[in-house]
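Shown next: final-v9.tsv, containing TSV, C-alpha atoms.
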```
chain	number	residue	atom	x	y	z
A	21	MET	CA	75.98	74.42	124.84
A	22	THR	CA	74.76	77.98	124.90
A	23	GLU	CA	73.18	79.71	121.94
A	24	PRO	CA	75.82	81.59	119.99
A	25	ASP	CA	75.30	85.27	120.61
A	26	LEU	CA	75.16	87.42	117.47
A	27	ALA	CA	77.02	90.20	119.27
A	28	ASP	CA	79.87	87.78	120.10
A	29	ILE	CA	80.10	86.70	116.49
A	30	TRP	CA	80.22	90.35	115.45
A	31	VAL	CA	83.00	91.08	117.97
A	32	TYR	CA	84.98	88.17	116.55
A	33	LEU	CA	84.42	89.17	112.93
A	34	SER	CA	85.20	92.85	113.33
A	35	ALA	CA	88.55	91.97	114.93
A	36	SER	CA	89.48	89.38	112.29
A	37	PRO	CA	91.14	90.12	108.95
A	38	LEU	CA	88.56	87.85	107.32
A	39	LEU	CA	85.88	90.54	107.23
A	40	GLY	CA	87.96	93.26	105.57
A	41	LEU	CA	89.35	90.83	102.99
A	42	THR	CA	86.00	89.29	102.11
A	43	MET	CA	84.34	92.71	101.97
A	44	THR	CA	86.97	93.94	99.50
A	45	LEU	CA	86.51	90.96	97.16
A	46	VAL	CA	82.70	90.94	97.34
A	47	ALA	CA	82.48	94.71	96.76
A	48	TYR	CA	84.85	94.47	93.80
A	49	LEU	CA	82.96	91.54	92.24
A	50	LEU	CA	79.66	93.41	92.57
A	51	ALA	CA	81.25	96.56	91.16
A	52	PHE	CA	82.75	94.59	88.28
A	53	GLN	CA	79.37	93.00	87.44
A	54	LEU	CA	77.75	96.42	87.47
A	55	TYR	CA	80.50	97.65	85.15
A	56	GLN	CA	79.87	94.78	82.72
A	57	ARG	CA	76.09	95.18	82.87
A	58	GLY	CA	76.58	98.85	82.07
A	59	GLY	CA	78.28	97.84	78.82
A	60	GLY	CA	81.76	98.68	80.10
A	61	SER	CA	80.99	102.38	80.55
A	62	PRO	CA	84.07	103.98	82.13
A	63	LEU	CA	81.73	106.00	84.40
A	64	LEU	CA	80.98	102.75	86.27
A	65	ASN	CA	84.70	102.32	87.04
A	66	PRO	CA	84.89	99.27	89.35
A	67	VAL	CA	87.45	100.85	91.72
A	68	LEU	CA	85.20	103.85	92.27
A	69	THR	CA	82.03	101.80	92.85
A	70	ALA	CA	83.79	99.29	95.13
A	71	VAL	CA	85.40	102.06	97.24
A	72	VAL	CA	82.06	103.86	97.67
A	73	MET	CA	80.31	100.60	98.66
A	74	ILE	CA	82.95	99.71	101.24
A	75	ILE	CA	83.01	103.19	102.77
A	76	LEU	CA	79.22	103.10	103.16
A	77	VAL	CA	79.42	99.70	104.89
A	78	LEU	CA	82.27	100.83	107.19
A	79	LEU	CA	80.44	104.04	108.14
A	80	ALA	CA	77.19	102.18	108.78
A	81	SER	CA	78.85	99.48	110.89
A	82	GLY	CA	81.32	101.77	112.68
A	83	ILE	CA	84.38	99.72	111.70
A	84	PRO	CA	87.45	102.02	111.64
A	85	TYR	CA	89.67	102.06	108.55
A	86	PRO	CA	92.74	100.48	110.25
A	87	ASP	CA	90.61	97.45	111.25
A	88	TYR	CA	89.34	97.15	107.69
A	89	PHE	CA	92.87	97.46	106.33
A	90	ASP	CA	94.07	94.58	108.55
A	91	GLY	CA	92.16	92.34	106.18
A	92	ALA	CA	92.42	94.37	102.99
A	93	GLN	CA	96.22	94.51	103.23
A	94	PHE	CA	96.43	91.04	101.67
A	95	VAL	CA	94.92	92.50	98.49
A	96	HIS	CA	97.00	95.67	98.81
A	97	PHE	CA	100.16	93.55	99.05
A	98	LEU	CA	99.55	92.09	95.58
A	99	LEU	CA	100.34	95.51	94.04
A	100	GLY	CA	104.01	94.50	94.36
A	101	PRO	CA	103.90	91.22	92.38
A	102	ALA	CA	101.47	92.85	89.91
A	103	THR	CA	104.04	95.58	89.24
A	104	VAL	CA	106.68	92.89	88.56
A	105	ALA	CA	104.18	91.07	86.31
A	106	LEU	CA	104.04	94.09	83.98
A	107	ALA	CA	107.35	92.83	82.55
A	108	VAL	CA	105.41	90.13	80.65
A	109	PRO	CA	103.12	92.32	78.45
A	110	LEU	CA	106.05	94.66	78.07
A	111	TYR	CA	108.23	91.87	76.67
A	112	GLN	CA	105.41	90.90	74.30
A	113	GLN	CA	105.63	94.41	72.79
A	114	LEU	CA	109.40	94.21	72.36
A	115	SER	CA	109.43	94.70	68.57
A	116	ARG	CA	107.31	97.88	68.78
A	117	LEU	CA	109.42	99.06	71.67
A	118	ARG	CA	112.63	98.65	69.66
A	119	GLN	CA	111.27	101.09	67.06
A	120	LEU	CA	109.89	103.56	69.54
A	121	TRP	CA	112.23	103.65	72.53
A	122	LEU	CA	113.50	107.18	71.92
A	123	PRO	CA	110.12	108.94	71.42
A	124	VAL	CA	108.71	106.87	74.31
A	125	SER	CA	111.52	107.96	76.66
A	126	ILE	CA	111.17	111.64	75.68
A	127	ALA	CA	107.38	111.55	76.14
A	128	ILE	CA	107.61	109.84	79.53
A	129	VAL	CA	110.24	112.16	81.00
A	130	SER	CA	108.38	115.29	79.81
A	131	GLY	CA	105.08	113.86	81.05
A	132	VAL	CA	106.48	113.13	84.50
A	133	ILE	CA	107.95	116.62	84.88
A	134	PHE	CA	104.70	118.18	83.67
A	135	ALA	CA	102.53	116.02	85.97
A	136	ALA	CA	104.46	116.92	89.13
A	137	GLY	CA	105.18	120.54	88.22
A	138	SER	CA	101.63	121.42	87.20
A	139	SER	CA	100.16	119.68	90.28
A	140	VAL	CA	102.33	121.61	92.73
A	141	ALA	CA	101.87	124.90	90.85
A	142	LEU	CA	98.09	124.68	90.60
A	143	ALA	CA	97.71	123.48	94.21
A	144	TRP	CA	99.88	126.41	95.37
A	145	ALA	CA	97.95	128.92	93.22
A	146	LEU	CA	94.64	127.74	94.69
A	147	GLY	CA	95.91	128.01	98.25
A	148	ALA	CA	96.52	124.38	99.27
A	149	THR	CA	98.76	123.83	102.32
A	150	THR	CA	102.39	122.89	101.66
A	151	GLN	CA	101.76	119.38	102.97
A	152	THR	CA	98.89	118.88	100.53
A	153	GLN	CA	101.00	120.29	97.66
A	154	LEU	CA	103.75	117.81	98.49
A	155	SER	CA	101.28	114.94	98.81
A	156	LEU	CA	99.92	115.82	95.34
A	157	ALA	CA	103.34	116.02	93.63
A	158	PRO	CA	103.80	112.27	92.93
A	159	LYS	CA	100.08	111.60	92.28
A	160	SER	CA	100.54	110.20	88.77
A	161	ALA	CA	103.01	107.50	89.86
A	162	THR	CA	101.82	104.05	90.92
A	163	ALA	CA	100.72	103.77	94.58
A	164	PRO	CA	103.76	102.13	96.26
A	165	VAL	CA	106.17	104.46	94.42
A	166	ALA	CA	104.13	107.60	95.07
A	167	MET	CA	103.82	106.79	98.79
A	168	GLY	CA	107.57	106.33	99.11
A	169	ILE	CA	108.28	109.62	97.32
A	170	SER	CA	105.68	111.46	99.37
A	171	GLU	CA	107.42	110.32	102.53
A	172	THR	CA	110.84	111.42	101.22
A	173	ILE	CA	109.71	114.93	100.28
A	174	GLY	CA	107.59	115.56	103.40
A	175	GLY	CA	104.06	114.80	102.24
A	176	LEU	CA	101.57	112.43	103.88
A	177	PRO	CA	101.98	108.92	102.36
A	178	SER	CA	98.46	107.77	103.22
A	179	LEU	CA	96.96	110.95	101.73
A	180	THR	CA	99.10	110.44	98.63
A	181	ALA	CA	97.73	106.88	98.30
A	182	VAL	CA	94.20	108.26	98.14
A	183	LEU	CA	95.15	111.04	95.69
A	184	VAL	CA	96.89	108.44	93.51
A	185	VAL	CA	93.78	106.28	93.38
A	186	VAL	CA	91.52	109.24	92.54
A	187	THR	CA	93.99	110.39	89.85
A	188	GLY	CA	93.86	106.90	88.34
A	189	ILE	CA	90.05	106.90	88.39
A	190	VAL	CA	89.93	110.34	86.71
A	191	GLY	CA	92.29	109.11	83.99
A	192	ALA	CA	90.45	105.80	83.51
A	193	VAL	CA	87.00	107.42	83.40
A	194	LEU	CA	87.79	110.43	81.18
A	195	GLY	CA	90.97	109.38	79.31
A	196	THR	CA	89.54	107.50	76.32
A	197	ARG	CA	86.95	110.25	75.74
A	198	LEU	CA	89.66	112.87	75.87
A	199	PHE	CA	91.72	110.95	73.30
A	200	ASP	CA	88.68	110.64	71.01
A	201	LEU	CA	87.96	114.35	71.38
A	202	PHE	CA	91.50	115.26	70.35
A	203	ARG	CA	91.60	112.53	67.64
A	204	ILE	CA	94.48	110.66	69.27
A	205	ARG	CA	93.88	107.20	67.77
A	206	ASP	CA	97.21	105.37	67.85
A	207	ASP	CA	97.02	102.84	70.68
A	208	SER	CA	100.71	103.12	71.49
A	209	VAL	CA	100.35	106.92	71.99
A	210	ARG	CA	97.12	106.51	73.97
A	211	GLY	CA	98.76	103.87	76.16
A	212	ILE	CA	101.84	105.97	76.91
A	213	ALA	CA	99.73	109.00	77.86
A	214	MET	CA	97.41	106.87	80.01
A	215	GLY	CA	100.26	105.15	81.86
A	216	VAL	CA	102.14	108.38	82.60
A	217	ALA	CA	99.08	110.23	83.90
A	218	ALA	CA	96.98	107.47	85.46
A	219	HIS	CA	99.37	104.59	86.41
A	220	GLY	CA	97.83	101.16	87.19
A	221	ILE	CA	94.16	102.13	87.22
A	222	GLY	CA	94.61	103.75	83.81
A	223	THR	CA	96.53	100.65	82.70
A	224	ALA	CA	93.67	98.39	83.82
A	225	ARG	CA	91.34	100.52	81.69
A	226	ALA	CA	93.82	100.45	78.78
A	227	PHE	CA	93.90	96.63	78.79
A	228	GLN	CA	90.11	96.71	78.36
A	229	VAL	CA	90.54	98.79	75.20
A	230	SER	CA	93.30	96.70	73.58
A	231	LYS	CA	96.35	94.63	74.44
A	232	THR	CA	98.63	97.12	72.71
A	233	MET	CA	97.26	100.08	74.65
A	234	GLY	CA	97.54	98.07	77.87
A	235	ALA	CA	101.14	97.05	77.25
A	236	PHE	CA	102.23	100.58	76.41
A	237	SER	CA	100.34	101.95	79.39
A	238	GLY	CA	102.06	99.37	81.60
A	239	LEU	CA	105.42	100.34	80.13
A	240	ALA	CA	104.74	104.04	80.71
A	241	MET	CA	103.57	103.35	84.24
A	242	ALA	CA	106.74	101.41	85.04
A	243	LEU	CA	109.16	103.85	83.42
A	244	SER	CA	107.38	106.89	84.84
A	245	ALA	CA	107.58	105.28	88.29
A	246	PHE	CA	111.35	105.25	87.81
A	247	ALA	CA	111.40	108.76	86.40
A	248	THR	CA	109.14	110.12	89.16
A	249	ALA	CA	111.34	108.59	91.87
A	250	LEU	CA	114.40	110.27	90.33
A	251	ILE	CA	112.90	113.60	89.21
A	252	VAL	CA	110.27	114.63	91.77
A	253	PRO	CA	112.50	114.93	94.90
A	254	TRP	CA	114.91	117.01	92.83
A	255	LEU	CA	112.09	119.13	91.36
A	256	VAL	CA	110.65	119.84	94.82
A	257	ASP	CA	114.12	120.87	95.98
A	258	LEU	CA	114.41	123.19	93.00
A	259	ILE	CA	111.09	124.93	93.68
A	260	GLY	CA	112.20	125.24	97.30
A	261	LEU	CA	109.21	123.61	99.03
B	23	MET	CA	101.01	76.01	87.09
B	24	PHE	CA	99.85	79.25	88.65
B	25	LEU	CA	101.90	78.73	91.82
B	26	ASN	CA	105.13	78.50	89.86
B	27	GLY	CA	104.48	81.79	88.11
B	28	ILE	CA	103.50	83.68	91.24
B	29	THR	CA	106.62	82.39	92.98
B	30	TRP	CA	108.79	83.83	90.22
B	31	LEU	CA	107.06	87.20	90.55
B	32	LEU	CA	107.72	87.20	94.31
B	33	VAL	CA	111.36	86.16	93.82
B	34	PHE	CA	111.95	89.07	91.42
B	35	GLN	CA	110.16	91.46	93.78
B	36	LEU	CA	112.36	90.24	96.64
B	37	ILE	CA	115.54	90.70	94.59
B	38	GLY	CA	114.33	94.19	93.71
B	39	GLU	CA	113.53	95.13	97.32
B	40	VAL	CA	116.84	93.82	98.67
B	41	THR	CA	118.86	95.53	95.91
B	42	VAL	CA	117.32	99.00	96.34
B	43	ARG	CA	117.81	98.79	100.11
B	44	LEU	CA	121.42	97.62	99.85
B	45	LEU	CA	122.31	100.29	97.31
B	46	GLY	CA	120.10	103.00	98.83
B	47	TRP	CA	118.35	103.71	95.51
B	48	PRO	CA	115.27	105.97	95.59
B	49	VAL	CA	113.36	103.53	93.33
B	50	PRO	CA	110.75	101.12	94.76
B	51	GLY	CA	111.71	97.43	94.86
B	52	PRO	CA	108.85	96.09	92.67
B	53	VAL	CA	109.76	98.54	89.88
B	54	LEU	CA	113.35	97.32	89.84
B	55	GLY	CA	112.00	93.74	90.03
B	56	MET	CA	109.93	94.42	86.91
B	57	LEU	CA	112.94	95.73	85.00
B	58	LEU	CA	115.05	92.72	86.06
B	59	LEU	CA	112.30	90.33	84.97
B	60	PHE	CA	112.00	92.18	81.66
B	61	VAL	CA	115.75	91.86	81.05
B	62	SER	CA	115.55	88.13	81.94
B	63	LEU	CA	112.71	87.60	79.44
B	64	VAL	CA	114.69	89.38	76.71
B	65	LEU	CA	117.64	87.08	77.44
B	66	MET	CA	115.44	83.94	77.54
B	67	ARG	CA	113.60	85.08	74.38
B	68	ARG	CA	110.28	83.63	75.56
B	69	VAL	CA	107.75	83.84	78.37
B	70	PRO	CA	107.39	80.60	80.37
B	71	ALA	CA	103.73	79.47	80.32
B	72	THR	CA	103.43	79.52	84.12
B	73	LEU	CA	104.64	83.11	84.28
B	74	ASP	CA	102.21	84.09	81.53
B	75	THR	CA	99.30	82.52	83.46
B	76	ALA	CA	100.21	84.22	86.73
B	77	SER	CA	100.77	87.65	85.22
B	78	THR	CA	97.62	87.52	83.09
B	79	GLY	CA	95.67	86.55	86.21
B	80	LEU	CA	97.08	89.39	88.32
B	81	LEU	CA	96.89	92.06	85.62
B	82	GLY	CA	93.38	90.99	84.58
B	83	HIS	CA	92.05	92.41	87.84
B	84	LEU	CA	94.61	95.10	88.49
B	85	SER	CA	91.81	97.48	89.54
B	86	LEU	CA	90.94	95.31	92.54
B	87	LEU	CA	94.37	95.89	94.07
B	88	PHE	CA	93.75	99.65	94.38
B	89	VAL	CA	90.53	99.31	96.36
B	90	PRO	CA	92.06	99.11	99.89
B	91	ALA	CA	94.12	102.29	99.35
B	92	GLY	CA	91.11	104.04	97.85
B	93	VAL	CA	88.96	103.33	100.89
B	94	GLY	CA	91.60	105.28	102.88
B	95	VAL	CA	89.90	108.44	101.59
B	96	MET	CA	87.68	108.25	104.70
B	97	VAL	CA	90.71	108.83	106.97
B	98	HIS	CA	91.52	112.12	105.21
B	99	ALA	CA	87.94	113.38	104.93
B	100	ASP	CA	88.61	116.49	107.09
B	101	ARG	CA	91.62	117.69	105.17
B	102	LEU	CA	89.98	116.96	101.84
B	103	LEU	CA	86.84	118.89	102.81
B	104	ALA	CA	88.94	121.84	103.99
B	105	GLU	CA	91.00	121.91	100.80
B	106	TRP	CA	88.48	120.51	98.34
B	107	LEU	CA	88.90	123.21	95.70
B	108	PRO	CA	92.66	122.88	95.07
B	109	VAL	CA	92.51	119.09	95.42
B	110	VAL	CA	89.62	118.58	92.99
B	111	ALA	CA	91.02	121.13	90.53
B	112	VAL	CA	94.50	119.57	90.59
B	113	LEU	CA	93.20	116.01	90.24
B	114	LEU	CA	90.93	116.83	87.30
B	115	VAL	CA	92.88	119.49	85.42
B	116	THR	CA	96.48	118.31	85.75
B	117	THR	CA	95.65	114.63	85.14
B	118	LEU	CA	93.90	115.40	81.85
B	119	LEU	CA	96.49	118.00	80.82
B	120	THR	CA	99.29	115.53	81.57
B	121	MET	CA	97.63	113.03	79.21
B	122	LEU	CA	97.34	115.58	76.40
B	123	VAL	CA	100.89	116.92	76.85
B	124	THR	CA	102.36	113.39	76.97
B	125	ALA	CA	100.37	112.26	73.92
B	126	GLY	CA	101.31	115.42	72.00
B	127	ILE	CA	105.02	115.04	72.71
B	128	MET	CA	104.86	111.34	71.84
B	129	VAL	CA	103.21	112.07	68.47
B	130	LEU	CA	105.75	114.79	67.61
B	131	ALA	CA	108.73	112.76	68.81
B	132	THR	CA	107.57	109.69	66.83
B	133	ARG	CA	107.20	111.72	63.62
B	134	TRP	CA	110.61	113.23	64.16
B	135	LEU	CA	112.61	110.27	65.49
B	136	ALA	CA	110.83	107.15	64.22
B	137	PRO	CA	109.27	108.19	60.89
B	138	ASP	CA	109.03	104.55	59.76
B	139	TYR	CA	106.65	103.62	62.53
B	140	HIS	CA	103.08	103.25	61.29
B	141	GLY	CA	101.05	103.26	64.44
B	142	GLY	CA	99.82	100.76	66.97
B	143	GLY	CA	96.42	100.24	65.36
B	144	GLU	CA	93.13	101.90	66.10
B	145	SER	CA	91.05	100.93	69.04
B	146	HIS	CA	87.36	100.19	68.82
B	147	ASP	CA	86.11	101.59	72.08
```

Please rewrite the model in this file as structure tokens.
Amino acid sequence: MTEPDLADIWVYLSASPLLGLTMTLVAYLLAFQLYQRGGGSPLLNPVLTAVVMIILVLLASGIPYPDYFDGAQFVHFLLGPATVALAVPLYQQLSRLRQLWLPVSIAIVSGVIFAAGSSVALAWALGATTQTQLSLAPKSATAPVAMGISETIGGLPSLTAVLVVVTGIVGAVLGTRLFDLFRIRDDSVRGIAMGVAAHGIGTARAFQVSKTMGAFSGLAMALSAFATALIVPWLVDLIGL
Amino acid sequence: MFLNGITWLLVFQLIGEVTVRLLGWPVPGPVLGMLLLFVSLVLMRRVPATLDTASTGLLGHLSLLFVPAGVGVMVHADRLLAEWLPVVAVLLVTTLLTMLVTAGIMVLATRWLAPDYHGGGESHD
């Protein structure tokens, strides 16, 4: 038997989904520990830290993103079942929802129109290309929804995915401070605003604050996904992009 | 059992995906799956323990699921560097403004349309 060559092992690993998958989980666990050690400071958002760590490793080792994604797609896939799972906390808030369905619907529809309209308008005013404007339009919707819409309206789905994640991080990191600053204390209001603007990453943050805020954020994320899918293509048509 | 719960989630996702494709709806399959599951829970009037376990497990680390898409930022580095000003401005300004506008409308609409509602409690963050 010959000595196993390290280079051969590396060739095997970099072509196998095992590396990308393991890297994703290890980076996230490290990022999550850092987040907990930091007393849950939203600045140490685990998505942000994990993404930075993985990019550094990929750049240093020369592994291209598609090879990494071959492994990471198994984690990415779980976004689907996780979206379905939001029905459970939503059901647990049924009694609150019965009282609030009308204000909730009004807030979500206005929020969705404002999110898409203001994104396109500001991007246009600051000189972004049309393709970037279109990729930004669905940025507040959850990743699979936003990517689908981006494709429909002529944006770049993979760029939209990135913009969606950054939007979620911005909302998760700054959202609770913003609410405190403007004395918005009701967890159902905070949850709705978080879910409309910052989808699943905001919802993950909301669950860390309270179960009520998480459930309302999950509800807003789900309903605004619906609203975005129906409103944004029509809105883009209206502006004439 | 965890496996039972996760199977139910996948079944509802599958029903959602197939339905939106058959009917040509612009809504993503998992979102329809979530609404169908929600309606089923309302009809059943309870959450089966296995489903509760699976969904708590998945939602407990929801952040993890966004990591692979986030790493994709490296693919778009050139475009993002070329258009950094509009992109950064839009991501920061409109995300925070959207939160304030949504919260403001929600507060006003609640006062106007559901005056009996007394709030969802204060958080202790």

Give as a PDB file with C-alpha atoms, keeping the file's coordinate frame every residue of chain B that touches chain A within 7 Å, counting all atoms listed in the file.
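Wrote it out as out04.pdb, contents follow:
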```pdb
ATOM      1  CA  LEU B  31     107.060  87.200  90.550  1.00  0.00           C
ATOM      2  CA  LEU B  32     107.720  87.200  94.310  1.00  0.00           C
ATOM      3  CA  GLN B  35     110.160  91.460  93.780  1.00  0.00           C
ATOM      4  CA  PRO B  48     115.270 105.970  95.590  1.00  0.00           C
ATOM      5  CA  VAL B  49     113.360 103.530  93.330  1.00  0.00           C
ATOM      6  CA  PRO B  50     110.750 101.120  94.760  1.00  0.00           C
ATOM      7  CA  PRO B  52     108.850  96.090  92.670  1.00  0.00           C
ATOM      8  CA  VAL B  53     109.760  98.540  89.880  1.00  0.00           C
ATOM      9  CA  GLY B  55     112.000  93.740  90.030  1.00  0.00           C
ATOM     10  CA  MET B  56     109.930  94.420  86.910  1.00  0.00           C
ATOM     11  CA  LEU B  57     112.940  95.730  85.000  1.00  0.00           C
ATOM     12  CA  LEU B  59     112.300  90.330  84.970  1.00  0.00           C
ATOM     13  CA  PHE B  60     112.000  92.180  81.660  1.00  0.00           C
ATOM     14  CA  LEU B  63     112.710  87.600  79.440  1.00  0.00           C
ATOM     15  CA  VAL B  64     114.690  89.380  76.710  1.00  0.00           C
ATOM     16  CA  ASP B  74     102.210  84.090  81.530  1.00  0.00           C
ATOM     17  CA  SER B  77     100.770  87.650  85.220  1.00  0.00           C
ATOM     18  CA  LEU B  80      97.080  89.390  88.320  1.00  0.00           C
ATOM     19  CA  LEU B  81      96.890  92.060  85.620  1.00  0.00           C
ATOM     20  CA  LEU B  84      94.610  95.100  88.490  1.00  0.00           C
ATOM     21  CA  SER B  85      91.810  97.480  89.540  1.00  0.00           C
ATOM     22  CA  LEU B  86      90.940  95.310  92.540  1.00  0.00           C
ATOM     23  CA  LEU B  87      94.370  95.890  94.070  1.00  0.00           C
ATOM     24  CA  PHE B  88      93.750  99.650  94.380  1.00  0.00           C
ATOM     25  CA  VAL B  89      90.530  99.310  96.360  1.00  0.00           C
ATOM     26  CA  PRO B  90      92.060  99.110  99.890  1.00  0.00           C
ATOM     27  CA  ALA B  91      94.120 102.290  99.350  1.00  0.00           C
ATOM     28  CA  GLY B  92      91.110 104.040  97.850  1.00  0.00           C
ATOM     29  CA  VAL B  93      88.960 103.330 100.890  1.00  0.00           C
ATOM     30  CA  GLY B  94      91.600 105.280 102.880  1.00  0.00           C
ATOM     31  CA  VAL B  95      89.900 108.440 101.590  1.00  0.00           C
ATOM     32  CA  HIS B  98      91.520 112.120 105.210  1.00  0.00           C
ATOM     33  CA  GLU B 105      91.000 121.910 100.800  1.00  0.00           C
ATOM     34  CA  PRO B 108      92.660 122.880  95.070  1.00  0.00           C
ATOM     35  CA  VAL B 109      92.510 119.090  95.420  1.00  0.00           C
ATOM     36  CA  VAL B 112      94.500 119.570  90.590  1.00  0.00           C
ATOM     37  CA  LEU B 113      93.200 116.010  90.240  1.00  0.00           C
ATOM     38  CA  LEU B 114      90.930 116.830  87.300  1.00  0.00           C
ATOM     39  CA  THR B 116      96.480 118.310  85.750  1.00  0.00           C
ATOM     40  CA  THR B 117      95.650 114.630  85.140  1.00  0.00           C
ATOM     41  CA  LEU B 118      93.900 115.400  81.850  1.00  0.00           C
ATOM     42  CA  THR B 120      99.290 115.530  81.570  1.00  0.00           C
ATOM     43  CA  MET B 121      97.630 113.030  79.210  1.00  0.00           C
ATOM     44  CA  VAL B 123     100.890 116.920  76.850  1.00  0.00           C
ATOM     45  CA  THR B 124     102.360 113.390  76.970  1.00  0.00           C
ATOM     46  CA  ALA B 125     100.370 112.260  73.920  1.00  0.00           C
ATOM     47  CA  ILE B 127     105.020 115.040  72.710  1.00  0.00           C
ATOM     48  CA  MET B 128     104.860 111.340  71.840  1.00  0.00           C
ATOM     49  CA  VAL B 129     103.210 112.070  68.470  1.00  0.00           C
ATOM     50  CA  ALA B 131     108.730 112.760  68.810  1.00  0.00           C
ATOM     51  CA  THR B 132     107.570 109.690  66.830  1.00  0.00           C
ATOM     52  CA  LEU B 135     112.610 110.270  65.490  1.00  0.00           C
ATOM     53  CA  ALA B 136     110.830 107.150  64.220  1.00  0.00           C
ATOM     54  CA  TYR B 139     106.650 103.620  62.530  1.00  0.00           C
ATOM     55  CA  GLY B 141     101.050 103.260  64.440  1.00  0.00           C
ATOM     56  CA  GLY B 142      99.820 100.760  66.970  1.00  0.00           C
ATOM     57  CA  GLY B 143      96.420 100.240  65.360  1.00  0.00           C
ATOM     58  CA  GLU B 144      93.130 101.900  66.100  1.00  0.00           C
ATOM     59  CA  SER B 145      91.050 100.930  69.040  1.00  0.00           C
ATOM     60  CA  ASP B 147      86.110 101.590  72.080  1.00  0.00           C
TER      61      ASP B 147
END
```

Inset, instruction - Quick one: pull the distance between atom CA of Leu33 of chain A and atom CA of Ile83 of chain A, Å, one decimal. - result: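 The value is 10.6 Å.
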
Inset, instruction - Quote the spacing between atom CA of Ser170 of chain A and atom CA of Ser155 of chain A in Å to one decimal place. - result: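 So the answer is 5.6 Å.
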
Where is the centre and how long are the edges: axis-aligned box on segment 93-112 of chain A, 6 Å on each side, Å to one decimal, as JSON:
```
{"center_x": 101.6, "center_y": 92.9, "center_z": 88.8, "size_x": 25.3, "size_y": 17.5, "size_z": 40.9}
```

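If you look at atom CA of Leu63 of chain A and atom CA of Ala226 of chain A, they are 14.4 Å away from each other.
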
Output segment 47-58 of chain B from the block with C-alpha atoms, as a PDB file, in the first residue's frame?
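And here's part_14.pdb as it stands now:
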```pdb
ATOM      1  CA  TRP B  47     -49.718  30.745  -9.803  1.00  0.00           C
ATOM      2  CA  PRO B  48     -46.910  33.279  -9.264  1.00  0.00           C
ATOM      3  CA  VAL B  49     -46.572  32.206  -5.603  1.00  0.00           C
ATOM      4  CA  PRO B  50     -43.736  29.896  -4.464  1.00  0.00           C
ATOM      5  CA  GLY B  51     -44.709  26.329  -3.527  1.00  0.00           C
ATOM      6  CA  PRO B  52     -43.457  26.384   0.104  1.00  0.00           C
ATOM      7  CA  VAL B  53     -45.531  29.516   0.833  1.00  0.00           C
ATOM      8  CA  LEU B  54     -48.697  27.827  -0.405  1.00  0.00           C
ATOM      9  CA  GLY B  55     -47.646  24.703   1.556  1.00  0.00           C
ATOM     10  CA  MET B  56     -47.432  26.822   4.706  1.00  0.00           C
ATOM     11  CA  LEU B  57     -50.921  28.241   4.187  1.00  0.00           C
ATOM     12  CA  LEU B  58     -52.343  24.746   3.548  1.00  0.00           C
TER      13      LEU B  58
END
```
